[in-house]
Amino acid sequence: MSSAVLPYTRIAHNHKLGIIFLISGLWTLSLLDTAGKLLALAGYHVVMIAWMRYTINLFFMAATLAPLYRRRHGRSILKSNRLGLQLGRGALLLASTLIFFSVLKIVPLAEGTAMNFCAPLIVLAISPWLLGERSYLSRWIAVLIGFTGMLIVIRPSGDIPPVGVALGLVSAFTQALLSILNRKASQADNPMVTLFYGALVGSIVSTLLVPFFWTSHTPTVVELAILVSTGITSTIGHFLQNSAYRHAEASVLTPFFYAQIISACGMGWLVFGQFPDQVTVLGIAIICASGIGIAYIEHKRAHPLPPADPMESV
């Protein structure tokens with residue numbers, strides 16, 4: 001797919017700034033998701049939408065991010081310590097975009113976003129094998145609770161068709177794998193390098209694919225503006241997310257990722273007239289509570305209370 005409330009101290013000013021950046025970035029990415037759904041419903045193939053999104057993203061980064069990186073670090077942004085990892089991550093990022101836009105063509109915005117929120121729980125479930133991390137009972141409980149919420153969202157009596165459920169689960173699993181590659185990439189390269197390679201690989205691969213999925217539909221002025229907006233909102237959204245981690249720890253930011261469900265519900269209602277029913281809201285709430293709860297526990301585990309001073313009771 002990060003302390004909503006720091007357990008033992010007040011949230012520092014720089015943490016507050018990081019939280020503001022993160023929520024702003026997530027809500028900007030909800031505009032990207034809304035644009036993708038609008039274009040898919042208008043008849044544009046998801047490959048065309050992804051091609052525009054990554055190509056504009058690449059040109060913007062080449063004009064701004066690449067020169068900035070060279071000035072700061074004295075070398076090209078293309079110089080990576082693990083090129084294969086960056087290329088693989090970029091390809092998986094493009095696949096994730098294509099799958100999620102396909103989900104949004106079928107599934108309401110809020111429900112599609114909620115299913116993707118299971119990605120962090122999938123990471124918790126598979127991290128002992130793929131990342132060699134220690135397994136904790138609290139993590140398994142969080143995974144079970146989160147997937148209970150998922151089952152409520154995708155229940156057979158709900159409005160989500162089976163193909164939408166299947167694509168949603170694939171999207172969540174792809175996001176989980178991408179999260180693992182993000183961790184590895186953050187250990188190998190500067191985040192600017194990772195951001196640039198994501199845009200570069202996505203643009204190149206989608207450019208190779210788009211001739212096979214091109215439609216003869218001539219875009220209206222509004223549709224053209226929406227197409228262009230996908231590149232702008234993706235650039236701004238990911239830049240704000242990246243900036244958030246310069247001001248706050250991941251354990252501080254994780255719970256606030258779930259604030260995106262607010263923007264997803266809002267945009268789904270405003271643009272498409274879709275709002276989740278009460279049972280679906282319950283499922284979404286369970287998924288969010290599971291993620292926020294395990295984030296709080298993980299924060300406590302990583303930042304244990306110092307031993308009590310015996311003199312304090314004197």
# chains A, B, ... in the order shown; residues from 1 in each chain; ligands from 1

call {"tool": "select_by_dssp", "arguments": {"residues": "range 157-190 of chain A", "states": "helix (DSSP H, G or I)", "output": "list in words"}}
result
Pro162, Val163, Gly164, Val165, Ala166, Leu167, Gly168, Leu169, Val170, Ser171, Ala172, Phe173, Thr174, Gln175, Ala176, Leu177, Leu178, Ser179, Ile180, Leu181, Asn182, Arg183, Lys184, Ala185, Ser186, Gln187 and Ala188 of chain A

call {"tool": "residues_around", "arguments": {"residues": "Ile99 in chain A", "least_positions_apart": "5", "cutoff": "8 Å", "atoms": "only C-alpha atoms", "output": "PDB file with N, CA and C atoms, in the first residue's frame"}}
result
ATOM      1  N   LEU A 167     -10.426  -9.241  -9.399  1.00  0.00           N
ATOM      2  CA  LEU A 167      -9.435  -8.213  -9.731  1.00  0.00           C
ATOM      3  C   LEU A 167      -9.008  -7.422  -8.494  1.00  0.00           C
ATOM      4  N   VAL A 170      -6.490  -9.504  -6.642  1.00  0.00           N
ATOM      5  CA  VAL A 170      -5.219  -9.476  -7.372  1.00  0.00           C
ATOM      6  C   VAL A 170      -4.526  -8.137  -7.174  1.00  0.00           C
ATOM      7  N   SER A 171      -5.312  -7.050  -7.201  1.00  0.00           N
ATOM      8  CA  SER A 171      -4.752  -5.711  -7.001  1.00  0.00           C
ATOM      9  C   SER A 171      -4.123  -5.593  -5.618  1.00  0.00           C
TER      10      SER A 171
END

call {"tool": "closest_residue", "arguments": {"among": "A:Pro162, A:Gly283, A:Gly36, A:Gly90", "to": "Glu111 in chain A", "atoms": "only C-alpha atoms"}}
result
A:Gly283

call {"tool": "atom_distance", "arguments": {"atom1": "CA of Met52 in chain A", "atom2": "CA of Gly168 in chain A"}}
result
22.9 Å

call {"tool": "closest_residue", "arguments": {"among": "A:Ile106, A:Val271, A:Leu195, A:Leu85", "to": "Asn242 in chain A", "atoms": "only C-alpha atoms"}}
result
A:Leu195

call {"tool": "closest_residue", "arguments": {"among": "A:Lys37, A:His15, A:Lys79, A:Arg71", "to": "Glu223 in chain A", "atoms": "only C-alpha atoms"}}
result
A:Lys37

call {"tool": "residues_around", "arguments": {"residues": "range 21-23 of chain A", "least_positions_apart": "4", "cutoff": "6 Å", "atoms": "only C-alpha atoms", "output": "PDB file with C-alpha atoms, in the first residue's frame"}}
result
ATOM      1  CA  LEU A 240       3.853  14.723  -1.311  1.00  0.00           C
ATOM      2  CA  GLN A 241       4.021  11.146  -0.058  1.00  0.00           C
ATOM      3  CA  ALA A 244       6.001  13.063   4.244  1.00  0.00           C
TER       4      ALA A 244
END

call {"tool": "atom_distance", "arguments": {"atom1": "CA of Val46 in chain A", "atom2": "CA of Thr64 in chain A"}}
result
26.9 Å

call {"tool": "atom_distance", "arguments": {"atom1": "CA of Pro108 in chain A", "atom2": "CA of Ala35 in chain A"}}
result
13.1 Å

call {"tool": "residues_around", "arguments": {"residues": "range 136-148 of chain A", "least_positions_apart": "3", "cutoff": "12 Å", "atoms": "only C-alpha atoms", "output": "NGL selection string"}}
result
:A and (114-128 or 133 or 151-155 or 169 or 172 or 280 or 282-298 or 301)

call {"tool": "closest_residue", "arguments": {"among": "A:Leu38, A:Ile261, A:Ile180, A:Leu68", "to": "Val222 in chain A", "atoms": "only C-alpha atoms"}}
result
A:Leu38

call {"tool": "closest_residue", "arguments": {"among": "A:Trp269, A:Trp214, A:Phe196, A:Phe239", "to": "Phe59 in chain A", "atoms": "only C-alpha atoms"}}
result
A:Phe196

call {"tool": "closest_residue", "arguments": {"among": "A:Leu109, A:Val193, A:Leu29, A:Ile204", "to": "Met267 in chain A", "atoms": "only C-alpha atoms"}}
result
A:Leu109

call {"tool": "residues_around", "arguments": {"residues": "Asp33 in chain A", "least_positions_apart": "6", "cutoff": "12 Å", "atoms": "only C-alpha atoms", "output": "PyMOL selection string"}}
result
chain A and resi 26-27+39-40+46+49-50+53+97-105+107-110+112-113+226-227+229-231+233-234+237+260-261+263-265+267-268+271
